[in-house]
>>> print(open('upload-v6.cif').read())   # mmCIF, C-alpha atoms
data_query
#
loop_
_atom_site.label_atom_id
_atom_site.label_comp_id
_atom_site.auth_asym_id
_atom_site.auth_seq_id
_atom_site.Cartn_x
_atom_site.Cartn_y
_atom_site.Cartn_z
CA MET A 39 0.04 -172.53 87.69
CA ASP A 40 0.37 -168.79 87.20
CA ARG A 41 2.63 -167.53 84.47
CA PRO A 42 6.18 -167.52 85.84
CA ASN A 43 8.16 -164.44 86.66
CA ILE A 44 11.41 -164.03 84.70
CA VAL A 45 14.63 -163.07 86.46
CA LEU A 46 17.55 -162.67 84.06
CA ILE A 47 21.00 -161.94 85.52
CA ILE A 48 23.90 -161.15 83.21
CA LEU A 49 27.41 -160.58 84.48
CA ASP A 50 29.85 -158.62 82.33
CA ASP A 51 32.95 -160.41 80.99
CA LEU A 52 32.71 -163.34 83.41
CA GLY A 53 34.56 -166.11 81.59
CA PRO A 54 32.94 -169.52 81.09
CA HIS A 55 35.34 -171.10 83.61
CA GLU A 56 35.45 -168.41 86.33
CA MET A 57 33.15 -170.20 88.77
CA SER A 58 34.16 -172.52 91.55
CA PHE A 59 31.54 -175.16 90.70
CA LEU A 60 33.54 -175.75 87.52
CA GLY A 61 36.75 -176.12 89.50
CA HIS A 62 38.26 -172.64 89.43
CA GLU A 63 41.15 -172.57 91.89
CA LYS A 64 41.25 -168.85 92.76
CA LEU A 65 37.70 -167.56 92.55
CA ARG A 66 34.91 -168.68 94.88
CA THR A 67 31.31 -168.35 93.74
CA PRO A 68 29.21 -170.21 96.34
CA ASN A 69 25.94 -168.55 95.33
CA ILE A 70 26.36 -169.13 91.62
CA ASP A 71 27.35 -172.68 92.56
CA ARG A 72 24.13 -172.97 94.55
CA LEU A 73 22.17 -171.73 91.55
CA ALA A 74 23.94 -174.24 89.29
CA ALA A 75 23.04 -177.08 91.65
CA SER A 76 19.35 -176.25 91.24
CA SER A 77 19.50 -175.49 87.51
CA MET A 78 20.01 -176.96 84.08
CA ARG A 79 23.35 -175.90 82.64
CA PHE A 80 23.89 -175.59 78.91
CA ALA A 81 27.39 -176.88 78.23
CA ASN A 82 27.44 -175.47 74.69
CA ALA A 83 26.08 -172.00 75.39
CA TYR A 84 27.26 -168.97 73.47
CA SER A 85 26.78 -165.25 73.50
CA GLY A 86 25.44 -163.66 70.35
CA ALA A 87 28.66 -161.65 69.90
CA PRO A 88 32.14 -161.39 71.45
CA VAL A 89 31.60 -157.89 72.93
CA CYS A 90 29.06 -156.05 75.05
CA ALA A 91 26.75 -153.97 72.84
CA PRO A 92 26.17 -156.39 69.94
CA ALA A 93 25.69 -159.22 72.43
CA ARG A 94 22.93 -157.26 74.17
CA SER A 95 21.34 -156.43 70.82
CA THR A 96 21.11 -160.12 69.92
CA LEU A 97 19.81 -161.03 73.37
CA LEU A 98 17.10 -158.40 73.54
CA THR A 99 15.78 -158.84 69.99
CA GLY A 100 16.24 -162.55 69.24
CA THR A 101 18.30 -161.83 66.12
CA HIS A 102 21.80 -163.07 65.37
CA ALA A 103 24.77 -160.81 64.70
CA GLY A 104 24.23 -160.83 60.93
CA HIS A 105 20.73 -159.39 61.35
CA THR A 106 20.74 -157.45 64.61
CA THR A 107 20.80 -153.65 64.67
CA VAL A 108 23.73 -152.88 66.96
CA ARG A 109 26.92 -154.35 65.49
CA GLY A 110 29.61 -151.95 66.72
CA ASN A 111 30.87 -151.57 70.26
CA PHE A 112 31.86 -147.92 70.70
CA GLY A 113 29.09 -147.63 73.26
CA GLY A 114 26.42 -145.33 71.88
CA ILE A 115 25.08 -147.12 68.80
CA SER A 116 21.34 -147.31 69.21
CA LEU A 117 18.52 -149.76 68.65
CA LEU A 118 16.00 -148.49 66.13
CA ALA A 119 12.51 -147.39 67.08
CA GLU A 120 11.09 -150.43 65.28
CA ASP A 121 13.29 -152.94 67.09
CA TYR A 122 11.21 -155.18 69.35
CA THR A 123 12.55 -156.66 72.59
CA PHE A 124 11.52 -159.43 74.93
CA ALA A 125 10.47 -156.70 77.40
CA GLN A 126 7.97 -155.35 74.86
CA MET A 127 6.72 -158.87 74.32
CA LEU A 128 6.19 -159.48 78.04
CA LYS A 129 4.67 -156.06 78.61
CA ARG A 130 2.04 -156.84 75.96
CA SER A 131 1.45 -160.10 77.82
CA GLY A 132 0.64 -158.26 81.05
CA TYR A 133 4.04 -158.35 82.78
CA ALA A 134 5.57 -155.61 84.88
CA THR A 135 9.02 -154.98 83.42
CA GLY A 136 12.10 -153.65 85.17
CA GLY A 137 15.75 -153.41 84.14
CA TYR A 138 18.72 -152.65 86.39
CA GLY A 139 22.34 -152.27 85.28
CA LYS A 140 24.02 -151.52 81.95
CA TRP A 141 21.76 -151.02 78.93
CA GLY A 142 24.40 -150.41 76.25
CA VAL A 143 22.17 -150.18 73.14
CA GLY A 144 20.95 -146.58 73.18
CA ASP A 145 21.97 -143.45 75.06
CA VAL A 146 19.61 -140.93 76.61
CA GLY A 147 17.59 -139.08 73.97
CA THR A 148 17.81 -141.78 71.28
CA ASP A 149 15.27 -144.24 69.93
CA GLY A 150 17.16 -147.05 71.64
CA VAL A 151 16.44 -146.17 75.26
CA PRO A 152 14.86 -148.92 77.41
CA GLU A 153 11.70 -146.97 78.21
CA ARG A 154 10.91 -147.05 74.47
CA HIS A 155 11.53 -150.78 74.30
CA GLY A 156 9.18 -152.20 76.86
CA PHE A 157 10.61 -151.34 80.27
CA ASP A 158 8.34 -149.78 82.86
CA GLU A 159 11.50 -148.84 84.73
CA PHE A 160 15.17 -148.95 83.85
CA PHE A 161 17.71 -147.75 86.39
CA GLY A 162 21.43 -147.68 85.76
CA TYR A 163 23.68 -146.78 82.86
CA TYR A 164 22.48 -146.17 79.33
CA HIS A 165 25.81 -145.70 77.49
CA GLN A 166 28.16 -148.59 78.20
CA VAL A 167 31.29 -146.43 78.52
CA HIS A 168 29.56 -144.59 81.37
CA ALA A 169 29.15 -147.99 83.03
CA HIS A 170 32.91 -148.39 83.38
CA ASP A 171 32.83 -145.93 86.32
CA PHE A 172 31.36 -147.30 89.54
CA PHE A 173 31.86 -143.98 91.36
CA THR A 174 29.94 -141.91 88.83
CA ASP A 175 28.10 -138.76 89.87
CA TYR A 176 24.79 -139.97 88.45
CA LEU A 177 22.75 -142.80 86.98
CA TRP A 178 19.59 -142.68 84.85
CA ARG A 179 16.04 -143.76 85.64
CA ASN A 180 13.72 -143.71 82.63
CA GLY A 181 15.71 -140.93 81.03
CA GLU A 182 15.84 -138.79 84.17
CA LYS A 183 19.19 -138.14 85.83
CA VAL A 184 19.53 -139.49 89.38
CA GLU A 185 22.36 -137.81 91.29
CA LEU A 186 24.56 -140.01 93.47
CA ALA A 187 26.29 -138.88 96.63
CA ASP A 188 30.02 -138.32 96.53
CA GLY A 189 31.72 -141.68 96.96
CA GLU A 190 28.52 -143.67 96.52
CA TYR A 191 29.07 -147.05 94.81
CA SER A 192 26.69 -147.29 91.86
CA HIS A 193 26.38 -151.08 91.78
CA TYR A 194 24.95 -151.16 95.31
CA ARG A 195 22.23 -148.72 94.24
CA ILE A 196 21.45 -150.81 91.16
CA VAL A 197 21.11 -154.06 93.13
CA ASP A 198 18.93 -152.35 95.75
CA ALA A 199 16.65 -151.00 93.01
CA ALA A 200 16.27 -154.48 91.50
CA LYS A 201 15.36 -155.97 94.87
CA ARG A 202 12.83 -153.20 95.47
CA PHE A 203 11.22 -153.92 92.10
CA ILE A 204 10.91 -157.63 92.92
CA ARG A 205 9.33 -156.85 96.30
CA GLU A 206 6.88 -154.37 94.78
CA HIS A 207 5.79 -156.84 92.10
CA ALA A 208 5.86 -160.05 94.13
CA ASP A 209 2.26 -160.72 93.14
CA GLY A 210 3.57 -160.98 89.56
CA PRO A 211 3.97 -161.63 86.84
CA PHE A 212 7.18 -159.62 86.36
CA LEU A 213 10.39 -159.47 84.35
CA CYS A 214 13.46 -158.36 86.27
CA TYR A 215 16.36 -157.92 83.83
CA MET A 216 19.70 -157.39 85.56
CA PRO A 217 22.59 -156.76 83.14
CA TRP A 218 25.12 -155.93 85.85
CA THR A 219 28.51 -154.44 84.97
CA PRO A 220 30.86 -156.25 87.42
CA PRO A 221 33.40 -157.69 87.04
CA HIS A 222 33.97 -155.53 83.93
CA GLY A 223 34.82 -151.84 83.95
CA ARG A 224 37.34 -150.16 86.17
CA TYR A 225 38.34 -152.33 89.10
CA HIS A 226 36.40 -150.29 91.62
CA ILE A 227 35.14 -151.80 94.83
CA PRO A 228 34.72 -150.00 98.17
CA ASP A 229 37.53 -150.73 100.58
CA ASP A 230 35.03 -151.69 103.27
CA ASP A 231 33.27 -154.27 101.08
CA SER A 232 33.58 -157.69 102.70
CA ALA A 233 34.82 -159.22 99.45
CA TRP A 234 37.75 -156.78 99.30
CA GLN A 235 38.50 -157.24 102.98
CA GLU A 236 38.73 -160.97 102.35
CA LEU A 237 41.15 -160.66 99.42
CA LYS A 238 43.08 -157.43 99.94
CA ASP A 239 46.12 -159.19 101.41
CA MET A 240 46.38 -161.95 98.83
CA PRO A 241 49.85 -162.11 97.19
CA TRP A 242 48.43 -161.12 93.80
CA PRO A 243 48.70 -157.98 91.66
CA GLU A 244 46.30 -155.32 92.89
CA ASP A 245 44.16 -155.40 89.73
CA ALA A 246 43.81 -159.16 90.20
CA ARG A 247 42.78 -158.72 93.83
CA ARG A 248 40.27 -156.01 92.89
CA ARG A 249 38.78 -158.03 90.06
CA ALA A 250 38.53 -161.16 92.19
CA ALA A 251 36.81 -159.14 94.90
CA MET A 252 34.30 -157.87 92.33
CA VAL A 253 33.54 -161.46 91.28
CA HIS A 254 33.02 -162.43 94.92
CA MET A 255 30.90 -159.32 95.53
CA VAL A 256 28.60 -159.93 92.58
CA ASP A 257 28.30 -163.59 93.58
CA ARG A 258 27.06 -162.32 96.94
CA HIS A 259 24.48 -160.18 95.16
CA VAL A 260 23.32 -163.17 93.12
CA GLY A 261 22.77 -164.89 96.45
CA GLU A 262 20.78 -161.94 97.73
CA ILE A 263 18.44 -162.15 94.73
CA LEU A 264 17.98 -165.90 95.23
CA ASP A 265 17.33 -165.42 98.95
CA LEU A 266 14.78 -162.70 98.21
CA LEU A 267 12.86 -165.00 95.87
CA THR A 268 12.79 -167.62 98.63
CA GLU A 269 11.70 -165.08 101.24
CA LEU A 270 8.82 -163.98 99.02
CA HIS A 271 7.84 -167.60 98.26
CA LEU A 272 8.51 -167.07 94.55
CA ASP A 273 10.91 -169.94 93.83
CA GLU A 274 8.29 -172.21 92.30
CA ASN A 275 6.88 -169.51 90.06
CA THR A 276 10.06 -167.82 88.87
CA VAL A 277 12.38 -168.77 86.05
CA VAL A 278 15.91 -167.66 86.89
CA LEU A 279 18.30 -167.33 83.96
CA PHE A 280 21.98 -166.60 84.52
CA CYS A 281 24.76 -165.96 82.01
CA SER A 282 27.69 -163.72 81.06
CA ASP A 283 27.55 -161.30 78.15
CA ASN A 284 30.56 -162.72 76.27
CA GLY A 285 33.74 -164.68 76.85
CA GLY A 286 36.40 -163.58 79.29
CA GLY A 287 39.01 -160.96 78.44
CA ARG A 288 42.62 -160.41 79.39
CA GLU A 289 42.28 -157.30 81.52
CA VAL A 290 44.47 -158.91 84.21
CA GLY A 291 46.67 -160.74 81.75
CA ASP A 292 45.68 -164.38 82.00
CA PHE A 293 45.90 -164.48 85.78
CA PHE A 294 42.47 -166.05 86.25
CA ARG A 295 42.41 -168.01 82.96
CA PRO A 296 38.75 -167.00 82.47
CA ASN A 297 38.30 -169.18 79.40
CA GLY A 298 40.25 -172.19 80.60
CA ASP A 299 41.99 -173.83 77.65
CA LEU A 300 39.62 -172.39 75.07
CA ARG A 301 41.30 -170.49 72.28
CA GLY A 302 40.68 -166.77 72.02
CA GLU A 303 39.06 -164.19 74.24
CA LYS A 304 36.58 -161.34 74.27
CA THR A 305 36.61 -159.43 70.93
CA ASN A 306 37.14 -162.49 68.71
CA LEU A 307 35.05 -165.41 67.52
CA TYR A 308 37.19 -168.28 68.70
CA GLU A 309 35.51 -170.25 71.48
CA GLY A 310 37.05 -168.15 74.25
CA GLY A 311 35.40 -165.03 72.89
CA ILE A 312 31.83 -166.29 72.71
CA ARG A 313 31.39 -169.23 75.11
CA VAL A 314 29.42 -168.24 78.19
CA PRO A 315 28.00 -169.89 81.29
CA PHE A 316 24.24 -170.31 81.00
CA LEU A 317 22.01 -171.63 83.79
CA ALA A 318 18.22 -171.98 83.93
CA ARG A 319 16.25 -172.69 87.12
CA TRP A 320 12.53 -173.16 87.62
CA THR A 321 11.97 -174.98 90.89
CA GLY A 322 9.75 -177.99 90.42
CA ARG A 323 9.69 -177.70 86.62
CA ILE A 324 13.33 -177.80 85.42
CA GLU A 325 15.28 -180.84 86.61
CA PRO A 326 18.05 -179.58 88.91
CA ALA A 327 21.75 -180.36 88.54
CA THR A 328 21.38 -181.38 84.90
CA VAL A 329 23.53 -180.57 81.88
CA SER A 330 22.30 -180.19 78.32
CA PRO A 331 24.73 -180.52 75.39
CA LEU A 332 22.34 -178.61 73.09
CA PRO A 333 24.13 -175.74 71.32
CA THR A 334 22.38 -172.48 72.15
CA TYR A 335 23.03 -168.75 71.95
CA PHE A 336 21.49 -165.42 72.89
CA PRO A 337 18.90 -165.25 70.09
CA ASP A 338 17.23 -168.27 71.76
CA VAL A 339 16.37 -166.35 74.93
CA MET A 340 13.40 -164.43 73.50
CA PRO A 341 11.49 -167.40 72.04
CA THR A 342 12.31 -169.43 75.17
CA ILE A 343 10.81 -166.77 77.43
CA ALA A 344 7.80 -166.55 75.12
CA GLU A 345 7.03 -170.26 75.43
CA LEU A 346 7.68 -170.45 79.17
CA THR A 347 5.37 -167.51 79.87
CA GLY A 348 2.67 -168.29 77.32
CA SER A 349 3.48 -165.12 75.41
CA ASP A 350 3.84 -166.72 71.98
CA GLU A 351 1.06 -164.61 70.49
CA HIS A 352 3.26 -161.55 71.07
CA LEU A 353 6.39 -163.11 69.60
CA PRO A 354 7.41 -161.41 66.33
CA GLY A 355 8.28 -163.26 63.17
CA GLY A 356 11.68 -163.38 61.57
CA LEU A 357 13.65 -164.33 64.67
CA ASP A 358 16.88 -166.32 64.53
CA GLY A 359 16.38 -168.12 67.84
CA VAL A 360 14.58 -171.29 68.84
CA SER A 361 12.77 -171.97 72.10
CA LEU A 362 14.68 -174.06 74.62
CA ALA A 363 11.51 -174.77 76.58
CA PRO A 364 11.18 -178.41 75.41
CA THR A 365 14.67 -179.20 76.70
CA LEU A 366 14.12 -177.26 79.92
CA LEU A 367 10.79 -178.95 80.64
CA GLY A 368 11.91 -182.51 79.90
CA ARG A 369 10.55 -182.90 76.37
CA PRO A 370 13.78 -183.33 74.37
CA ASP A 371 12.00 -185.09 71.50
CA ASP A 372 10.11 -181.85 70.83
CA GLN A 373 13.23 -179.69 70.77
CA ALA A 374 13.89 -177.78 67.54
CA GLU A 375 17.59 -177.48 66.76
CA HIS A 376 19.46 -174.87 64.82
CA PRO A 377 20.66 -175.99 61.40
CA PHE A 378 23.60 -173.71 62.18
CA LEU A 379 24.63 -170.90 64.52
CA TYR A 380 26.10 -167.69 63.09
CA TRP A 381 28.26 -164.89 64.50
CA GLU A 382 30.03 -161.87 63.11
CA TYR A 383 31.80 -158.87 64.54
CA THR A 384 33.23 -155.79 62.87
CA ARG A 385 34.77 -152.91 64.75
CA VAL A 386 32.48 -150.25 63.35
CA GLY A 387 31.23 -147.05 64.89
CA ASN A 388 32.33 -143.50 65.37
CA TRP A 389 33.72 -141.46 68.19
CA GLN A 390 34.90 -137.89 67.65
CA GLU A 391 34.35 -138.35 63.90
CA LEU A 392 36.61 -141.40 63.83
CA THR A 393 35.31 -144.51 62.13
CA TYR A 394 37.35 -147.68 62.45
CA VAL A 395 36.55 -150.66 60.25
CA ASP A 396 38.52 -153.89 60.15
CA ASP A 397 39.15 -155.82 56.94
CA GLY A 398 35.54 -156.96 56.86
CA PRO A 399 33.76 -158.80 59.66
CA GLN A 400 35.04 -161.67 61.65
CA GLN A 401 32.64 -164.52 60.91
CA ALA A 402 31.90 -167.89 62.45
CA VAL A 403 29.44 -170.70 61.76
CA ARG A 404 28.80 -173.72 63.95
CA MET A 405 27.03 -176.63 62.26
CA GLY A 406 26.78 -179.74 64.39
CA GLY A 407 30.19 -180.22 65.95
CA ARG A 408 32.09 -178.37 63.22
CA LYS A 409 32.96 -174.70 63.41
CA LEU A 410 34.07 -172.40 60.60
CA VAL A 411 35.83 -169.18 61.64
CA ARG A 412 37.92 -166.37 60.20
CA MET A 413 39.20 -163.14 61.70
CA ARG A 414 38.74 -161.00 58.56
CA THR A 415 37.39 -161.42 55.08
CA THR A 416 40.89 -161.12 53.57
CA GLU A 417 41.84 -164.42 55.22
CA PRO A 418 40.62 -167.95 54.46
CA PHE A 419 38.17 -169.70 56.73
CA GLU A 420 39.51 -172.17 59.27
CA LEU A 421 37.56 -175.30 60.22
CA TYR A 422 37.61 -177.06 63.58
CA ASP A 423 36.01 -180.22 64.94
CA LEU A 424 34.76 -179.10 68.35
CA ASP A 425 33.82 -182.65 69.35
CA THR A 426 37.46 -183.78 69.24
CA ASP A 427 39.24 -180.40 69.37
CA PRO A 428 37.22 -178.02 71.57
CA ASN A 429 40.21 -175.70 71.97
CA GLU A 430 40.52 -175.14 68.20
CA THR A 431 44.13 -176.19 67.88
CA THR A 432 44.05 -177.98 64.51
CA ASP A 433 42.64 -176.40 61.35
CA ILE A 434 41.10 -179.17 59.23
CA ALA A 435 39.76 -176.95 56.43
CA GLY A 436 42.12 -178.48 53.87
CA ASP A 437 40.69 -181.95 54.55
CA HIS A 438 37.03 -180.94 54.01
CA PRO A 439 36.74 -178.54 51.04
CA ALA A 440 33.09 -179.40 50.34
CA LEU A 441 32.07 -178.75 53.95
CA VAL A 442 34.02 -175.48 54.00
CA ALA A 443 32.25 -174.40 50.81
CA GLU A 444 28.83 -175.26 52.25
CA MET A 445 29.45 -173.45 55.53
CA THR A 446 30.95 -170.47 53.69
CA ARG A 447 27.71 -170.14 51.75
CA LEU A 448 25.81 -170.15 55.04
CA ALA A 449 28.03 -167.36 56.38
CA GLU A 450 27.58 -165.28 53.26
CA ALA A 451 23.81 -165.70 53.36
CA ALA A 452 23.56 -164.92 57.08
CA HIS A 453 25.33 -161.57 56.78
CA THR A 454 23.21 -158.56 55.92
CA ALA A 455 24.50 -155.01 55.56
CA PRO A 456 24.15 -153.20 58.90
CA VAL A 457 22.16 -150.04 59.38
CA SER A 458 24.24 -146.96 60.15
CA GLN A 459 26.43 -147.52 63.16
CA ALA A 460 26.86 -143.80 63.77
CA GLU A 461 26.52 -142.59 67.33
CA PRO A 462 24.52 -139.50 68.32
CA ASP A 463 26.29 -136.21 68.88
CA MET A 464 27.45 -135.82 72.43
CA PRO A 465 27.73 -132.56 74.40
CA GLU A 466 31.15 -130.95 74.77
CA GLY A 467 33.04 -133.88 73.32
CA LYS A 468 31.83 -136.32 75.98
CA ARG A 469 31.38 -139.98 75.09
CA PHE A 470 28.06 -140.25 76.90
CA ARG A 471 25.28 -138.08 78.23
#
>>> encode(input="upload-v6.cif", output="structure tokens")
Amino acid sequence: MDRPNIVLIILDDLGPHEMSFLGHEKLRTPNIDRLAASSMRFANAYSGAPVCAPARSTLLTGTHAGHTTVRGNFGGISLLAEDYTFAQMLKRSGYATGGYGKWGVGDVGTDGVPERHGFDEFFGYYHQVHAHDFFTDYLWRNGEKVELADGEYSHYRIVDAAKRFIREHADGPFLCYMPWTPPHGRYHIPDDDSAWQELKDMPWPEDARRRAAMVHMVDRHVGEILDLLTELHLDENTVVLFCSDNGGGREVGDFFRPNGDLRGEKTNLYEGGIRVPFLARWTGRIEPATVSPLPTYFPDVMPTIAELTGSDEHLPGGLDGVSLAPTLLGRPDDQAEHPFLYWEYTRVGNWQELTYVDDGPQQAVRMGGRKLVRMRTTEPFELYDLDTDPNETTDIAGDHPALVAEMTRLAEAAHTAPVSQAEPDMPEGKRFR
């Protein structure tokens, strides 16, 4: 069989419970549900960080938050020239590489731009704050500004560009990376979009109606990508990966309960901040409608893609991820498991010469079913048994001092000092170029 194409779809701030196949009562996601029915779902899947930019840094480079380059989330902190992404790996392996959506780890003119990190084409937003505006005047394609018509909805253009790339490279192999912004950002959706027409009269707050319509809209676009793969007879030679970039937030209060009963939300390291949906489909190779309990997080994506595509010779050393291919392909006895998973997050960066730093990083370690977490280094670690207390309601640190000490040592060893998190100068006080 030919090397499979890779289609990776990431939604922005979609909570781990905001899909109807998991029983959500207000949101309907028939196309994501359809994908889930033909996929393996990882029930213990995590982002690499609780916010956009660091999460993308861990995903692209296979490094956890204590090692990855981009740690802050102001929007313009850049990957380094020497950072190596899964797109670079696949390009060296002979893949055509396209990206469509929100980059978030390097603005125009920096070393972190996608065209310097393996993408033949990237179309969309470079700076993540720019991505909050769906009625922007322009997007970027490989560092060149692409003007949009007045009133043009950017997400439609981005999805169309991704579909064009898939059509043009149907002979494969290709990587189509789609880090889409909805349902995050401003709650912008055209009034004539069918998803808004369906929900505009619901007895909900307007922001809730708009956000729900964006979820329904992006579900429709997921369906369009799946239908295109079928039309082009690519289902059996394409790995489709689907996830969210971090846990759900509270932009509409808790109206949609994006994280269910999980404690926390986007921006913190409790389960609600880092749990994400994660689906993997490869028709004929991955058993459909299956669920794996294996704990996994974003650093695993790069080595997984390497093994699935036969690109291991181009995989760099020093990664923090493990390949999930044995689990995906029905060889669980061959599956390597993490001795522990590690996260951290510090609000570091600069905007208009302001640098904001919390009292040290939030840190979390998961080892087996136990999770160690603290919100700042001035506070003691808390310990939770996720097997019996998945919602982190009861701190059991006082009952297990030896385990807390062991996991604390792991956290201390996993953290390395970050490179400068300074953002490039922007013209005329703007936040993005």
>>> resolve_selection(input="upload-v6.cif", expression="the PyMOL selection byres ((chain A and resi 278) around 9)", output="ChimeraX atom specification")
/A:43-47,73,77,264,273,276-277,279-280,317-320
>>> write_last_selection(input="upload-v6.cif", atoms="C-alpha atoms", output="mmCIF file, in the coordinates of the input")
data_model
loop_
_atom_site.group_PDB
_atom_site.id
_atom_site.type_symbol
_atom_site.label_atom_id
_atom_site.label_comp_id
_atom_site.auth_asym_id
_atom_site.auth_seq_id
_atom_site.Cartn_x
_atom_site.Cartn_y
_atom_site.Cartn_z
ATOM 1 C CA ASN A 43 8.160 -164.440 86.660
ATOM 2 C CA ILE A 44 11.410 -164.030 84.700
ATOM 3 C CA VAL A 45 14.630 -163.070 86.460
ATOM 4 C CA LEU A 46 17.550 -162.670 84.060
ATOM 5 C CA ILE A 47 21.000 -161.940 85.520
ATOM 6 C CA LEU A 73 22.170 -171.730 91.550
ATOM 7 C CA SER A 77 19.500 -175.490 87.510
ATOM 8 C CA LEU A 264 17.980 -165.900 95.230
ATOM 9 C CA ASP A 273 10.910 -169.940 93.830
ATOM 10 C CA THR A 276 10.060 -167.820 88.870
ATOM 11 C CA VAL A 277 12.380 -168.770 86.050
ATOM 12 C CA LEU A 279 18.300 -167.330 83.960
ATOM 13 C CA PHE A 280 21.980 -166.600 84.520
ATOM 14 C CA LEU A 317 22.010 -171.630 83.790
ATOM 15 C CA ALA A 318 18.220 -171.980 83.930
ATOM 16 C CA ARG A 319 16.250 -172.690 87.120
ATOM 17 C CA TRP A 320 12.530 -173.160 87.620
#
>>> atom_distance(input="upload-v6.cif", atom1="atom CA of Ile115 of chain A", atom2="atom CA of Val143 of chain A")
6.1 Å
>>> resolve_selection(input="upload-v6.cif", expression="the PyMOL selection byres ((chain A and resi 135) around 7)", output="PyMOL selection string")
chain A and resi 125+129+133-134+136-137+157-159+212-214
>>> write_last_selection(input="upload-v6.cif", atoms="C-alpha atoms", output="PDB file, in the coordinates of the input")
ATOM      1  CA  ALA A 125      10.470-156.700  77.400  1.00  0.00           C
ATOM      2  CA  LYS A 129       4.670-156.060  78.610  1.00  0.00           C
ATOM      3  CA  TYR A 133       4.040-158.350  82.780  1.00  0.00           C
ATOM      4  CA  ALA A 134       5.570-155.610  84.880  1.00  0.00           C
ATOM      5  CA  GLY A 136      12.100-153.650  85.170  1.00  0.00           C
ATOM      6  CA  GLY A 137      15.750-153.410  84.140  1.00  0.00           C
ATOM      7  CA  PHE A 157      10.610-151.340  80.270  1.00  0.00           C
ATOM      8  CA  ASP A 158       8.340-149.780  82.860  1.00  0.00           C
ATOM      9  CA  GLU A 159      11.500-148.840  84.730  1.00  0.00           C
ATOM     10  CA  PHE A 212       7.180-159.620  86.360  1.00  0.00           C
ATOM     11  CA  LEU A 213      10.390-159.470  84.350  1.00  0.00           C
ATOM     12  CA  CYS A 214      13.460-158.360  86.270  1.00  0.00           C
TER      13      CYS A 214
END
>>> closest_residue(input="upload-v6.cif", among="A:Arg301, A:His226, A:His155, A:Arg249", to="Asn429 of chain A", atoms="all atoms listed in the file")
A:Arg301
>>> residues_near_point(input="upload-v6.cif", point="(22.1, -145.6, 73.8)", cutoff="12 Å", atoms="all atoms listed in the file", output="ChimeraX atom specification")
/A:91,94-95,108,111-119,140-155,163-169,178,181,459-464,469-471
>>> residues_around(input="upload-v6.cif", residues="segment 401-411 of chain A", least_positions_apart="2", cutoff="9 Å", atoms="all atoms listed in the file", output="NGL selection string")
:A and (307-308 or 333 or 376-384 or 399 or 413-415 or 418-426 or 430 or 435 or 442 or 445-446 or 448-449 or 453)
>>> closest_residue(input="upload-v6.cif", among="A:Ile227, A:Val314, A:Met240, A:Ile204", to="Leu270 of chain A", atoms="all atoms listed in the file")
A:Ile204
>>> atom_distance(input="upload-v6.cif", atom1="atom CA of Glu206 of chain A", atom2="atom CA of Ser361 of chain A")
29.3 Å
>>> resolve_selection(input="upload-v6.cif", expression="the PyMOL selection byres ((chain A and resi 86) around 7)", output="list in words")
Tyr84, Ser85, Ala87, Ala93, Thr96, Leu97, His102, Ala103, Tyr335, Phe336, Pro337 and Trp381 of chain A
>>> atom_distance(input="upload-v6.cif", atom1="atom CA of Asp51 of chain A", atom2="atom CA of Thr174 of chain A")
20.3 Å
>>> residues_around(input="upload-v6.cif", residues="segment 283-285 of chain A", least_positions_apart="4", cutoff="9 Å", atoms="all atoms listed in the file", output="PyMOL selection string")
chain A and resi 48-54+84-90+93-94+217+296-297+302-305+309-315
>>> residues_around(input="upload-v6.cif", residues="Met78 of chain A", least_positions_apart="5", cutoff="9 Å", atoms="all atoms listed in the file", output="list in words")
Phe316, Leu317, Ala318, Arg319, Ile324, Glu325, Pro326, Ala327, Thr328, Val329, Ser330 and Leu366 of chain A
>>> residues_around(input="upload-v6.cif", residues="Gly162 of chain A", least_positions_apart="5", cutoff="10 Å", atoms="all atoms listed in the file", output="VMD selection string")
chain A and resid 137 to 141 168 to 169 176 to 180 183 to 184 192 to 193 195 to 197 199 216 to 219
>>> closest_atom_pairs(input="upload-v6.cif", of="segment 97-211 of chain A", to="segment 349-352 of chain A", cutoff="9 Å", atoms="all atoms listed in the file", output="CSV")
residue,atom,partner,partner_atom,distance
A:Gln126,CA,A:His352,CA,8.7
A:Met127,CA,A:His352,CA,5.5
A:Leu128,CA,A:Ser349,CA,6.8
A:Arg130,CA,A:His352,CA,6.9
A:Ser131,CA,A:Ser349,CA,5.9
>>> residues_near_point(input="upload-v6.cif", point="(12.4, -157.1, 70.7)", cutoff="6 Å", atoms="only C-alpha atoms", output="PyMOL selection string")
chain A and resi 98-99+121-124
>>> closest_residue(input="upload-v6.cif", among="A:Val260, A:Val290, A:Met252, A:Leu272", to="Pro211 of chain A", atoms="all atoms listed in the file")
A:Leu272
>>> closest_residue(input="upload-v6.cif", among="A:Gly223, A:Pro228, A:Gly348, A:Gly287", to="Gly132 of chain A", atoms="all atoms listed in the file")
A:Gly348
>>> axis_aligned_box(input="upload-v6.cif", around="segment 333-338 of chain A", padding_each_side="8 Å", output="AutoDock Vina command-line options")
--center_x 20.7 --center_y -170.5 --center_z 71.5 --size_x 22.9 --size_y 26.5 --size_z 18.8
>>> closest_residue(input="upload-v6.cif", among="A:Val386, A:Asp257, A:Pro341, A:Phe160", to="Ser458 of chain A", atoms="only C-alpha atoms")
A:Val386
>>> closest_residue(input="upload-v6.cif", among="A:Thr67, A:Thr107, A:Thr432, A:Thr454", to="Ala250 of chain A", atoms="all atoms listed in the file")
A:Thr67
